[in-house]
$ cat target11.csv   # CSV, C-alpha atoms
chain,number,residue,atom,x,y,z
A,128,MET,CA,7.5,47.9,75.0
A,129,GLN,CA,10.7,49.9,75.1
A,130,ALA,CA,12.8,46.8,75.5
A,131,TYR,CA,11.0,45.2,72.6
A,132,LEU,CA,11.6,48.3,70.4
A,133,LEU,CA,15.3,48.2,71.2
A,134,ASP,CA,15.5,44.5,70.5
A,135,PHE,CA,13.7,44.9,67.1
A,136,ALA,CA,15.9,47.9,66.2
A,137,ASN,CA,19.0,45.7,67.1
A,138,PHE,CA,17.6,42.9,64.9
A,139,MET,CA,17.1,45.1,61.9
A,140,LEU,CA,20.4,47.0,62.3
A,141,ARG,CA,22.2,43.6,62.6
A,142,TRP,CA,20.6,42.5,59.4
A,143,LEU,CA,21.6,45.6,57.5
A,144,HIS,CA,25.1,45.4,59.0
A,145,VAL,CA,25.6,41.8,57.8
A,146,ILE,CA,24.2,42.5,54.3
A,147,ALA,CA,26.4,45.6,53.9
A,148,ALA,CA,29.4,43.7,55.2
A,149,ILE,CA,28.9,40.8,52.9
A,150,ALA,CA,28.5,43.1,49.9
A,151,TRP,CA,31.6,45.1,50.9
A,152,ILE,CA,33.9,42.2,51.7
A,153,GLY,CA,32.7,40.2,48.8
A,154,GLU,CA,33.4,43.0,46.4
A,155,SER,CA,36.8,43.6,48.0
A,156,ILE,CA,37.7,39.9,47.7
A,157,TYR,CA,36.6,39.9,44.1
A,158,PHE,CA,38.7,42.8,43.1
A,159,VAL,CA,41.8,41.4,44.9
A,160,MET,CA,41.2,38.2,43.0
A,161,LEU,CA,40.8,40.1,39.8
A,162,ASP,CA,43.8,42.3,40.3
A,163,ASN,CA,46.1,39.3,41.1
A,164,GLY,CA,44.6,37.2,38.4
A,165,LEU,CA,45.3,39.6,35.5
A,166,ARG,CA,47.5,38.4,32.6
A,167,ARG,CA,49.3,40.4,30.0
A,168,PRO,CA,46.9,41.0,27.1
A,169,LYS,CA,47.6,38.9,24.1
A,170,ALA,CA,46.2,41.3,21.5
A,171,ALA,CA,48.7,43.9,20.4
A,172,GLU,CA,45.9,46.5,19.9
A,173,ASP,CA,44.9,46.2,23.6
A,174,ARG,CA,48.5,46.7,24.7
A,175,ASP,CA,48.7,49.7,22.4
A,176,LYS,CA,45.6,51.2,24.1
A,177,GLY,CA,47.3,51.0,27.5
A,178,VAL,CA,45.7,47.8,28.8
A,179,PHE,CA,47.9,46.5,31.6
A,180,GLY,CA,46.2,43.1,32.1
A,181,GLU,CA,43.1,41.1,31.4
A,182,MET,CA,41.1,38.2,32.7
A,183,TRP,CA,38.6,35.9,31.0
A,184,ALA,CA,36.1,34.3,33.3
A,185,VAL,CA,32.9,32.2,33.0
A,186,HIS,CA,30.1,32.6,35.6
A,187,GLY,CA,26.4,32.0,35.6
A,188,GLY,CA,26.3,30.7,32.1
A,189,GLY,CA,28.1,33.8,30.7
A,190,PHE,CA,31.6,34.8,29.7
A,191,TYR,CA,33.3,37.9,31.0
A,192,HIS,CA,36.4,39.8,29.8
A,193,ASN,CA,37.9,42.2,32.4
A,194,GLN,CA,40.7,44.6,31.4
A,195,LYS,CA,42.8,46.9,33.6
A,196,TYR,CA,44.5,50.0,32.2
A,197,ALA,CA,47.9,51.0,33.4
A,198,THR,CA,47.1,54.7,33.2
A,199,ALA,CA,43.7,55.5,31.7
A,200,PRO,CA,41.6,54.6,28.7
A,201,ALA,CA,41.3,57.1,25.9
A,202,LYS,CA,37.9,58.1,27.2
A,203,LEU,CA,36.4,57.6,30.6
A,204,PRO,CA,32.7,56.5,30.5
A,205,GLU,CA,30.1,58.6,32.3
A,206,ASP,CA,28.7,55.6,34.2
A,207,LEU,CA,32.0,54.8,36.0
A,208,HIS,CA,31.4,52.4,38.9
A,209,TRP,CA,32.5,53.5,42.3
A,210,SER,CA,32.8,51.3,45.4
A,211,PHE,CA,32.4,53.1,48.7
A,212,TRP,CA,28.8,53.1,49.9
A,213,LYS,CA,29.0,49.5,51.0
A,214,SER,CA,32.0,50.4,53.2
A,215,TYR,CA,30.3,53.4,54.7
A,216,THR,CA,27.0,51.5,55.3
A,217,THR,CA,28.9,48.7,57.0
A,218,TRP,CA,30.7,51.0,59.4
A,219,LEU,CA,27.7,53.2,60.2
A,220,SER,CA,25.3,50.3,60.8
A,221,GLY,CA,28.0,48.6,63.0
A,222,PHE,CA,28.6,51.8,65.0
A,223,ALA,CA,24.8,52.2,65.5
A,224,LEU,CA,24.6,48.6,66.8
A,225,PHE,CA,27.5,49.4,69.2
A,226,VAL,CA,25.7,52.4,70.5
A,227,LEU,CA,22.3,50.6,70.8
A,228,LEU,CA,23.7,47.6,72.6
A,229,TYR,CA,27.0,48.5,74.4
A,230,MET,CA,26.9,52.3,74.9
A,231,ALA,CA,23.2,52.2,76.0
A,232,ASN,CA,24.2,50.1,79.0
A,233,PRO,CA,28.0,50.7,79.5
A,234,SER,CA,28.1,49.6,83.1
A,235,PHE,CA,26.8,46.2,82.0
A,236,TYR,CA,28.7,45.7,78.8
A,237,LEU,CA,31.8,47.9,78.7
A,238,VAL,CA,33.2,48.2,82.2
A,239,ASN,CA,35.8,45.6,83.2
A,240,PRO,CA,35.4,45.2,87.0
A,241,ASP,CA,38.3,42.7,87.0
A,242,SER,CA,40.8,45.0,85.3
A,243,SER,CA,44.2,45.1,87.0
A,244,TRP,CA,44.0,48.9,86.5
A,245,ALA,CA,41.9,50.2,89.4
A,246,TRP,CA,40.7,53.3,87.6
A,247,ALA,CA,39.4,51.2,84.7
A,248,ALA,CA,37.6,48.8,87.0
A,249,SER,CA,35.8,51.7,88.7
A,250,MET,CA,34.8,53.7,85.6
A,251,SER,CA,31.3,55.0,85.5
A,252,GLY,CA,29.1,54.4,82.4
A,253,TRP,CA,29.7,57.7,80.7
A,254,GLN,CA,33.5,57.4,81.3
A,255,ALA,CA,33.4,53.9,79.7
A,256,ASN,CA,31.5,55.3,76.7
A,257,LEU,CA,33.9,58.2,76.2
A,258,LEU,CA,36.9,55.9,76.5
A,259,ALA,CA,35.4,53.5,73.9
A,260,LEU,CA,35.0,56.4,71.5
A,261,LEU,CA,38.5,57.6,72.1
A,262,PHE,CA,39.8,54.1,71.6
A,263,LEU,CA,38.2,53.9,68.2
A,264,VAL,CA,39.4,57.4,67.1
A,265,GLY,CA,42.9,56.8,68.7
A,266,GLY,CA,43.3,53.5,66.8
A,267,TRP,CA,42.6,55.2,63.5
A,268,VAL,CA,44.9,58.1,64.3
A,269,VAL,CA,47.8,55.9,65.3
A,270,TYR,CA,47.4,53.6,62.3
A,271,ASN,CA,47.1,56.5,59.9
A,272,GLU,CA,50.2,58.2,61.3
A,273,LEU,CA,52.2,54.9,61.0
A,274,CYS,CA,51.3,54.8,57.3
A,275,LYS,CA,52.2,58.4,56.7
A,276,ARG,CA,55.5,58.4,58.6
A,277,ILE,CA,56.9,54.9,57.9
A,278,SER,CA,56.0,54.5,54.2
A,279,PRO,CA,54.7,57.8,52.8
A,280,ASP,CA,55.9,57.0,49.3
A,281,MET,CA,55.0,53.3,49.6
A,282,THR,CA,58.6,52.2,49.5
A,283,ARG,CA,58.8,50.7,53.0
A,284,ASP,CA,55.5,48.8,53.1
A,285,GLY,CA,57.2,45.7,54.6
A,286,LEU,CA,58.4,47.7,57.6
A,287,LEU,CA,54.9,49.3,57.8
A,288,SER,CA,53.3,45.9,58.0
A,289,ILE,CA,55.4,44.9,61.0
A,290,ALA,CA,54.5,48.2,62.7
A,291,VAL,CA,50.8,47.7,62.1
A,292,ALA,CA,51.1,44.1,63.4
A,293,VAL,CA,52.8,45.4,66.6
A,294,MET,CA,50.1,48.0,66.9
A,295,MET,CA,47.3,45.4,66.8
A,296,VAL,CA,49.0,43.4,69.6
A,297,VAL,CA,49.0,46.6,71.7
A,298,VAL,CA,45.4,47.3,70.8
A,299,ALA,CA,44.4,43.8,71.8
A,300,TYR,CA,46.2,44.1,75.2
A,301,LEU,CA,44.8,47.5,76.0
A,302,SER,CA,41.3,46.5,75.1
A,303,THR,CA,41.3,43.6,77.5
A,304,GLN,CA,42.6,45.8,80.3
A,305,LEU,CA,40.2,48.7,79.7
A,306,PHE,CA,36.9,46.9,78.8
A,307,SER,CA,35.0,43.7,79.6
A,308,GLY,CA,36.0,40.6,77.6
A,309,ARG,CA,33.3,40.6,75.0
A,310,ALA,CA,33.6,44.4,74.4
A,311,ALA,CA,37.4,44.1,74.2
A,312,PHE,CA,37.2,41.6,71.3
A,313,LEU,CA,34.5,43.7,69.6
A,314,LEU,CA,36.4,47.0,70.0
A,315,THR,CA,39.6,45.5,68.7
A,316,GLY,CA,37.7,44.4,65.6
A,317,ALA,CA,36.0,47.8,65.5
A,318,VAL,CA,39.5,49.5,65.5
A,319,MET,CA,40.4,47.5,62.4
A,320,ALA,CA,37.0,48.1,60.8
A,321,THR,CA,37.3,51.8,61.4
A,322,ALA,CA,40.7,51.9,59.8
A,323,MET,CA,39.3,50.0,56.8
A,324,SER,CA,36.4,52.3,56.3
A,325,ALA,CA,38.4,55.4,57.0
A,326,ASN,CA,41.0,54.2,54.4
A,327,VAL,CA,38.2,54.2,51.8
A,328,PHE,CA,36.8,57.6,53.0
A,329,PHE,CA,40.0,59.6,53.5
A,330,TRP,CA,42.5,58.0,51.0
A,331,ILE,CA,41.2,55.6,48.5
A,332,ILE,CA,38.1,57.5,47.1
A,333,PRO,CA,39.6,61.0,47.3
A,334,GLY,CA,42.7,59.7,45.4
A,335,GLN,CA,40.6,58.1,42.8
A,336,ARG,CA,38.5,61.3,42.4
A,337,ARG,CA,41.7,63.3,41.8
A,338,MET,CA,42.9,60.7,39.3
A,339,VAL,CA,39.6,60.8,37.4
A,340,ALA,CA,39.6,64.7,37.5
A,341,ALA,CA,43.1,64.8,36.1
A,342,MET,CA,42.2,62.3,33.3
A,343,LYS,CA,39.1,64.3,32.3
A,344,ALA,CA,41.3,67.5,32.2
A,345,GLY,CA,43.8,65.8,29.9
A,346,GLU,CA,46.5,65.8,32.6
A,347,ALA,CA,48.6,62.9,33.9
A,348,PRO,CA,47.3,61.7,37.3
A,349,ASN,CA,49.6,61.7,40.3
A,350,PRO,CA,51.0,58.2,40.6
A,351,LEU,CA,51.1,58.5,44.4
A,352,ASP,CA,47.3,58.5,44.5
A,353,GLY,CA,47.2,55.1,42.8
A,354,LYS,CA,50.0,53.7,44.9
A,355,ARG,CA,48.5,55.1,48.1
A,356,GLY,CA,45.1,53.7,47.3
A,357,LYS,CA,46.7,50.3,46.6
A,358,GLN,CA,48.6,50.4,49.9
A,359,ARG,CA,45.4,51.0,51.9
A,360,SER,CA,43.4,48.5,49.9
A,361,VAL,CA,46.1,45.9,50.7
A,362,HIS,CA,45.8,46.6,54.4
A,363,ASN,CA,42.0,46.3,54.2
A,364,THR,CA,42.5,42.9,52.5
A,365,TYR,CA,44.5,41.5,55.4
A,366,PHE,CA,42.2,43.0,58.0
A,367,THR,CA,39.1,41.3,56.6
A,368,LEU,CA,39.2,37.8,58.1
A,369,PRO,CA,40.3,38.9,61.6
A,370,VAL,CA,37.6,41.6,61.7
A,371,VAL,CA,34.9,39.0,60.7
A,372,LEU,CA,36.1,36.6,63.4
A,373,LEU,CA,36.3,39.3,66.1
A,374,MET,CA,32.7,40.5,65.2
A,375,ILE,CA,31.3,37.0,65.8
A,376,SER,CA,33.4,36.3,68.9
A,377,ASN,CA,30.7,37.5,71.4
A,378,HIS,CA,29.2,34.1,71.3
A,379,TYR,CA,32.3,32.3,72.6
A,380,SER,CA,33.1,33.2,76.2
A,381,PHE,CA,36.0,30.7,76.4
A,382,ALA,CA,38.1,33.2,74.4
A,383,TYR,CA,37.2,36.6,75.8
A,384,SER,CA,36.8,35.5,79.4
A,385,HIS,CA,40.3,34.0,79.6
A,386,GLU,CA,43.0,35.8,81.5
A,387,GLN,CA,45.2,35.7,78.4
A,388,ALA,CA,42.4,36.9,76.1
A,389,TRP,CA,44.7,39.4,74.4
A,390,VAL,CA,47.1,36.7,73.4
A,391,ILE,CA,44.3,34.6,72.1
A,392,MET,CA,43.0,37.6,70.2
A,393,SER,CA,46.4,38.4,68.7
A,394,LEU,CA,46.9,34.8,67.5
A,395,PHE,CA,43.5,34.9,65.8
A,396,ILE,CA,44.3,38.2,64.1
A,397,PHE,CA,47.6,36.9,62.7
A,398,ALA,CA,46.1,33.5,61.7
A,399,GLY,CA,43.4,35.3,59.7
A,400,ALA,CA,46.0,37.5,57.9
A,401,LEU,CA,48.2,34.4,57.1
A,402,ILE,CA,45.2,32.5,55.7
A,403,ARG,CA,44.2,35.5,53.6
A,404,GLN,CA,47.7,35.7,52.2
A,405,PHE,CA,47.3,32.2,50.9
A,406,PHE,CA,44.3,33.2,48.8
A,407,VAL,CA,45.9,36.5,47.6
A,408,LEU,CA,48.9,34.5,46.3
A,409,MET,CA,46.7,31.7,44.9
A,410,HIS,CA,44.9,34.3,42.7
A,411,ALA,CA,48.3,35.3,41.4
A,412,GLY,CA,49.0,31.7,40.4
A,413,SER,CA,51.3,30.9,43.4
A,414,ILE,CA,50.3,28.1,45.8
A,415,LYS,CA,52.0,28.5,49.2
A,416,PRO,CA,50.5,26.0,51.6
A,417,ALA,CA,52.9,27.2,54.3
A,418,TYR,CA,50.7,30.3,54.9
A,419,PRO,CA,47.5,28.5,55.8
A,420,ALA,CA,49.5,25.8,57.7
A,421,ALA,CA,51.1,28.6,59.8
A,422,GLY,CA,47.6,30.1,60.3
A,423,VAL,CA,46.2,26.8,61.5
A,424,ALA,CA,49.2,26.4,63.8
A,425,LEU,CA,48.4,29.7,65.4
A,426,ILE,CA,44.8,28.7,65.9
A,427,ALA,CA,46.0,25.5,67.5
A,428,VAL,CA,48.1,27.5,69.9
A,429,ALA,CA,45.0,29.7,70.7
A,430,PHE,CA,43.0,26.5,71.3
A,431,TRP,CA,45.7,25.2,73.7
A,432,ILE,CA,45.8,28.4,75.6
A,433,ALA,CA,42.1,28.8,75.9
A,434,ALA,CA,41.4,25.2,76.9
A,435,PRO,CA,39.9,25.0,80.4
A,436,GLU,CA,42.0,23.6,83.2
A,437,PRO,CA,40.9,20.3,84.8
A,438,SER,CA,38.4,20.9,87.5
A,439,PRO,CA,39.9,21.0,90.9
A,440,ALA,CA,39.3,18.1,93.2
A,441,ALA,CA,36.1,18.5,95.2
A,442,ASP,CA,36.4,19.9,98.6
A,443,PRO,CA,36.0,16.9,101.0
A,444,ASP,CA,34.5,19.2,103.6
A,445,ARG,CA,31.8,20.6,101.3
A,446,ALA,CA,28.6,18.7,100.8
A,447,ALA,CA,27.4,18.3,97.3
A,448,VAL,CA,25.0,21.0,96.2
A,449,GLY,CA,21.6,20.0,95.0
A,450,ILE,CA,19.2,21.7,92.5
A,451,GLU,CA,17.3,23.6,95.2
A,452,GLU,CA,20.3,25.5,96.5
A,453,ALA,CA,21.8,26.0,93.0
A,454,HIS,CA,18.5,27.3,91.7
A,455,ALA,CA,18.2,29.7,94.6
A,456,ILE,CA,21.6,31.2,93.7
A,457,VAL,CA,20.7,31.3,90.0
A,458,GLU,CA,17.3,32.9,90.8
A,459,THR,CA,19.0,35.6,92.9
A,460,ARG,CA,22.1,36.4,90.7
A,461,CYS,CA,21.0,35.4,87.1
A,462,ALA,CA,17.3,35.6,86.7
A,463,ALA,CA,17.2,39.4,86.3
A,464,CYS,CA,18.2,38.7,82.7
A,465,HIS,CA,17.6,34.9,82.3
A,466,ALA,CA,13.9,34.9,82.8
A,467,SER,CA,10.9,34.6,80.5
A,468,GLN,CA,10.2,38.2,81.5
A,469,PRO,CA,13.5,39.8,82.4
A,470,THR,CA,13.6,42.7,84.9
A,471,GLN,CA,17.0,43.9,83.8
A,472,PRO,CA,16.6,47.1,81.8
A,473,GLY,CA,17.3,46.6,78.1
A,474,PHE,CA,16.3,43.0,77.9
A,475,ASN,CA,13.0,42.0,76.2
A,476,ALA,CA,13.8,38.3,76.3
A,477,PRO,CA,16.3,36.0,78.0
A,478,PRO,CA,19.8,36.1,76.4
A,479,ALA,CA,20.3,33.1,74.1
A,480,GLY,CA,16.8,32.0,75.0
A,481,MET,CA,18.0,30.6,78.4
A,482,ALA,CA,15.4,31.2,81.1
A,483,TYR,CA,15.8,30.0,84.6
A,484,ASP,CA,12.3,30.5,85.9
A,485,THR,CA,12.0,27.0,87.4
A,486,PRO,CA,14.4,24.4,88.9
A,487,GLU,CA,13.8,22.2,86.0
A,488,GLN,CA,14.9,24.9,83.5
A,489,THR,CA,18.0,25.6,85.6
A,490,ALA,CA,18.9,21.9,85.8
A,491,ARG,CA,18.9,21.5,82.1
A,492,GLN,CA,21.6,24.1,81.8
A,493,ARG,CA,23.8,22.9,84.6
A,494,GLU,CA,27.0,22.5,82.6
A,495,GLN,CA,26.7,25.8,80.8
A,496,ILE,CA,25.9,27.6,84.0
A,497,GLN,CA,28.9,26.1,85.8
A,498,GLN,CA,31.2,26.9,82.9
A,499,VAL,CA,30.4,30.6,82.7
A,500,VAL,CA,30.2,31.1,86.5
A,501,ALA,CA,33.6,29.4,87.0
A,502,SER,CA,35.2,31.6,84.3
A,503,GLY,CA,33.8,34.7,86.0
A,504,TYR,CA,32.1,35.8,82.8
A,505,MET,CA,28.7,35.6,84.3
A,506,PRO,CA,27.0,37.5,85.7
A,507,LEU,CA,28.1,40.2,83.3
A,508,GLY,CA,30.3,42.6,85.2
A,509,ASN,CA,29.1,40.8,88.3
A,510,MET,CA,26.4,43.4,88.5
A,511,THR,CA,24.3,41.2,90.8
A,512,GLY,CA,27.2,40.7,93.2
A,513,MET,CA,27.7,36.9,93.1
A,514,THR,CA,30.1,36.0,95.9
A,515,ASP,CA,33.0,33.5,95.8
A,516,GLU,CA,31.0,31.3,98.1
A,517,GLU,CA,28.2,31.2,95.7
A,518,ARG,CA,30.5,30.4,92.8
A,519,ALA,CA,32.0,27.6,94.9
A,520,ALA,CA,28.5,26.3,95.5
A,521,ILE,CA,27.7,26.3,91.8
A,522,ALA,CA,30.9,24.4,91.1
A,523,ALA,CA,29.9,21.8,93.7
A,524,TRP,CA,26.4,21.4,92.2
A,525,THR,CA,25.9,17.8,91.0
A,526,GLU,CA,23.1,16.1,89.2

$ encode --input "target11.csv" --output "structure tokens"
Amino acid sequence: MQAYLLDFANFMLRWLHVIAAIAWIGESIYFVMLDNGLRRPKAAEDRDKGVFGEMWAVHGGGFYHNQKYATAPAKLPEDLHWSFWKSYTTWLSGFALFVLLYMANPSFYLVNPDSSWAWAASMSGWQANLLALLFLVGGWVVYNELCKRISPDMTRDGLLSIAVAVMMVVVAYLSTQLFSGRAAFLLTGAVMATAMSANVFFWIIPGQRRMVAAMKAGEAPNPLDGKRGKQRSVHNTYFTLPVVLLMISNHYSFAYSHEQAWVIMSLFIFAGALIRQFFVLMHAGSIKPAYPAAGVALIAVAFWIAAPEPSPAADPDRAAVGIEEAHAIVETRCAACHASQPTQPGFNAPPAGMAYDTPEQTARQREQIQQVVASGYMPLGNMTGMTDEERAAIAAWTE
């Protein structure tokens, strides 16, 4: 029952997380489109009122007229719309999922036994949990300091963008050394997502509140608040596509189980940012196909790097392995999780619905089993102690 309750909580939290993320990202993308699609108002009376730009749109059978003020309207409405709870809900639900799944079983999901750093490979569960939390907090602190020190007045944002890009490569490398492959991809995405939500919490919303307070008091708002909010919003815009990809990456072991996983991850991050740039410019009326072309090129490089090497020639001295021997290995090393009734704590059902209770069930998944065993991804963290000899036997398993 405990495993079922955890599974159900995971299910509902994941639903909440996806709904909140869709709402937050969708609203963010809409406002970027709106901001870049504004045109100089045609009516002189609108320009005299301080209208900076406007957009006419049609949607759902109705017509919309959006206007943006350069400073402030003559009077602010009482029902001013604020955008922040979607951001906070996305981060909080995502962090709750991380605690429920990864931090509840860190030896299984976080520790990287194959790390080239001996101390990381031998971490205990609580040490891995603490390191994961420090990784998230440290990522935000470094990113925030880069913003404050390199471009505090928003005049060197180009240089800041380069620094943030370098930072993400470092984060990708460190995550793959410190944590298991799937957790590394997730935590790199979480570092970016934490920066996005923290930008809203610490900079964008407080700055907007100060601007509104100044306007209501009849004072001129500090222009740095608006510029700083715009800077952090722009960063959030380019983080969006990479974060979404990294959050769904746990289904694709070819990427995170590769020895060059950090390179693959970095290529995906930059590809997402380049593709997002195309849409940002398109909303402003500029079509630059070179950006998505460069993004696709980076994805192609990632595909080339992650592609599996040709299977080595069969050992002439090793006899082919049949289903009986293969199933015996799978039953010993894999069935704690992959069974109709798993015995591994934290599992209420077999992962991905793959149960190996019988030789027939095992035989149906031969290619998938050989792939994840050969890559070293399974068993997770090699908690069941699969030997090299057993891996060789699985590789020699034939129909």

$ residues_around --input "target11.csv" --residues "stretch 391-399 of chain A" --least-positions-apart "4" --cutoff "6 Å" --atoms "only C-alpha atoms" --output "list in words"
Val296, Leu368, Pro369, Gly422, Leu425 and Ala429 of chain A

$ atom_distance --input "target11.csv" --atom1 "atom CA of A:Asp352" --atom2 "atom CA of A:Phe329"
11.6 Å

$ residues_near_point --input "target11.csv" --point "(43.4, 53.7, 64.1)" --cutoff "12 Å" --atoms "all atoms listed in the file" --output "NGL selection string"
:A and (260-274 or 291 or 294-295 or 297-298 or 314-326)

$ write_last_selection --input "target11.csv" --atoms "C-alpha atoms" --output "PDB file, in the frame of the given file"
ATOM      1  CA  LEU A 260      35.000  56.400  71.500  1.00  0.00           C
ATOM      2  CA  LEU A 261      38.500  57.600  72.100  1.00  0.00           C
ATOM      3  CA  PHE A 262      39.800  54.100  71.600  1.00  0.00           C
ATOM      4  CA  LEU A 263      38.200  53.900  68.200  1.00  0.00           C
ATOM      5  CA  VAL A 264      39.400  57.400  67.100  1.00  0.00           C
ATOM      6  CA  GLY A 265      42.900  56.800  68.700  1.00  0.00           C
ATOM      7  CA  GLY A 266      43.300  53.500  66.800  1.00  0.00           C
ATOM      8  CA  TRP A 267      42.600  55.200  63.500  1.00  0.00           C
ATOM      9  CA  VAL A 268      44.900  58.100  64.300  1.00  0.00           C
ATOM     10  CA  VAL A 269      47.800  55.900  65.300  1.00  0.00           C
ATOM     11  CA  TYR A 270      47.400  53.600  62.300  1.00  0.00           C
ATOM     12  CA  ASN A 271      47.100  56.500  59.900  1.00  0.00           C
ATOM     13  CA  GLU A 272      50.200  58.200  61.300  1.00  0.00           C
ATOM     14  CA  LEU A 273      52.200  54.900  61.000  1.00  0.00           C
ATOM     15  CA  CYS A 274      51.300  54.800  57.300  1.00  0.00           C
ATOM     16  CA  VAL A 291      50.800  47.700  62.100  1.00  0.00           C
ATOM     17  CA  MET A 294      50.100  48.000  66.900  1.00  0.00           C
ATOM     18  CA  MET A 295      47.300  45.400  66.800  1.00  0.00           C
ATOM     19  CA  VAL A 297      49.000  46.600  71.700  1.00  0.00           C
ATOM     20  CA  VAL A 298      45.400  47.300  70.800  1.00  0.00           C
ATOM     21  CA  LEU A 314      36.400  47.000  70.000  1.00  0.00           C
ATOM     22  CA  THR A 315      39.600  45.500  68.700  1.00  0.00           C
ATOM     23  CA  GLY A 316      37.700  44.400  65.600  1.00  0.00           C
ATOM     24  CA  ALA A 317      36.000  47.800  65.500  1.00  0.00           C
ATOM     25  CA  VAL A 318      39.500  49.500  65.500  1.00  0.00           C
ATOM     26  CA  MET A 319      40.400  47.500  62.400  1.00  0.00           C
ATOM     27  CA  ALA A 320      37.000  48.100  60.800  1.00  0.00           C
ATOM     28  CA  THR A 321      37.300  51.800  61.400  1.00  0.00           C
ATOM     29  CA  ALA A 322      40.700  51.900  59.800  1.00  0.00           C
ATOM     30  CA  MET A 323      39.300  50.000  56.800  1.00  0.00           C
ATOM     31  CA  SER A 324      36.400  52.300  56.300  1.00  0.00           C
ATOM     32  CA  ALA A 325      38.400  55.400  57.000  1.00  0.00           C
ATOM     33  CA  ASN A 326      41.000  54.200  54.400  1.00  0.00           C
TER      34      ASN A 326
END

$ atom_distance --input "target11.csv" --atom1 "atom CA of A:Tyr236" --atom2 "atom CA of A:Ile496"
19.0 Å

$ residues_around --input "target11.csv" --residues "A:Trp183" --least-positions-apart "5" --cutoff "12 Å" --atoms "all atoms listed in the file" --output "MDAnalysis selection string"
chainID A and resid 161 164:169 189:194

$ residues_around --input "target11.csv" --residues "stretch 196-212 of chain A" --least-positions-apart "3" --cutoff "9 Å" --atoms "all atoms listed in the file" --output "mmCIF file with C-alpha atoms, in the frame of the given file"
data_model
loop_
_atom_site.group_PDB
_atom_site.id
_atom_site.type_symbol
_atom_site.label_atom_id
_atom_site.label_comp_id
_atom_site.auth_asym_id
_atom_site.auth_seq_id
_atom_site.Cartn_x
_atom_site.Cartn_y
_atom_site.Cartn_z
ATOM 1 C CA ALA A 147 26.400 45.600 53.900
ATOM 2 C CA TRP A 151 31.600 45.100 50.900
ATOM 3 C CA GLU A 154 33.400 43.000 46.400
ATOM 4 C CA LYS A 176 45.600 51.200 24.100
ATOM 5 C CA GLY A 177 47.300 51.000 27.500
ATOM 6 C CA VAL A 178 45.700 47.800 28.800
ATOM 7 C CA PHE A 179 47.900 46.500 31.600
ATOM 8 C CA GLY A 180 46.200 43.100 32.100
ATOM 9 C CA TYR A 215 30.300 53.400 54.700
ATOM 10 C CA THR A 216 27.000 51.500 55.300
ATOM 11 C CA THR A 217 28.900 48.700 57.000
ATOM 12 C CA SER A 324 36.400 52.300 56.300
ATOM 13 C CA VAL A 327 38.200 54.200 51.800
ATOM 14 C CA PHE A 328 36.800 57.600 53.000
ATOM 15 C CA ILE A 332 38.100 57.500 47.100
ATOM 16 C CA VAL A 339 39.600 60.800 37.400
ATOM 17 C CA MET A 342 42.200 62.300 33.300
ATOM 18 C CA LYS A 343 39.100 64.300 32.300
ATOM 19 C CA ALA A 347 48.600 62.900 33.900
ATOM 20 C CA PRO A 348 47.300 61.700 37.300
#

$ closest_residue --input "target11.csv" --among "A:Ala446, A:Leu286, A:Ala388, A:Leu224" --to "A:Tyr300" --atoms "only C-alpha atoms"
A:Ala388

$ decode --input "target11.csv" --residues "stretch 213-229 of chain A" --atoms "C-alpha atoms" --output "PDB file, in the first residue's frame"
ATOM      1  CA  LYS A 213       2.059  29.680 -12.445  1.00  0.00           C
ATOM      2  CA  SER A 214       5.829  29.998 -12.083  1.00  0.00           C
ATOM      3  CA  TYR A 215       5.840  29.207  -8.376  1.00  0.00           C
ATOM      4  CA  THR A 216       3.447  26.265  -8.764  1.00  0.00           C
ATOM      5  CA  THR A 217       5.587  24.787 -11.538  1.00  0.00           C
ATOM      6  CA  TRP A 218       8.749  24.936  -9.451  1.00  0.00           C
ATOM      7  CA  LEU A 219       7.165  23.753  -6.205  1.00  0.00           C
ATOM      8  CA  SER A 220       5.415  20.796  -7.831  1.00  0.00           C
ATOM      9  CA  GLY A 221       8.588  19.896  -9.740  1.00  0.00           C
ATOM     10  CA  PHE A 222      10.667  20.013  -6.579  1.00  0.00           C
ATOM     11  CA  ALA A 223       8.079  17.878  -4.762  1.00  0.00           C
ATOM     12  CA  LEU A 224       8.346  15.315  -7.564  1.00  0.00           C
ATOM     13  CA  PHE A 225      12.122  15.342  -7.276  1.00  0.00           C
ATOM     14  CA  VAL A 226      11.900  14.725  -3.527  1.00  0.00           C
ATOM     15  CA  LEU A 227       9.305  11.973  -3.911  1.00  0.00           C
ATOM     16  CA  LEU A 228      11.105  10.057  -6.636  1.00  0.00           C
ATOM     17  CA  TYR A 229      14.815  10.863  -6.507  1.00  0.00           C
TER      18      TYR A 229
END
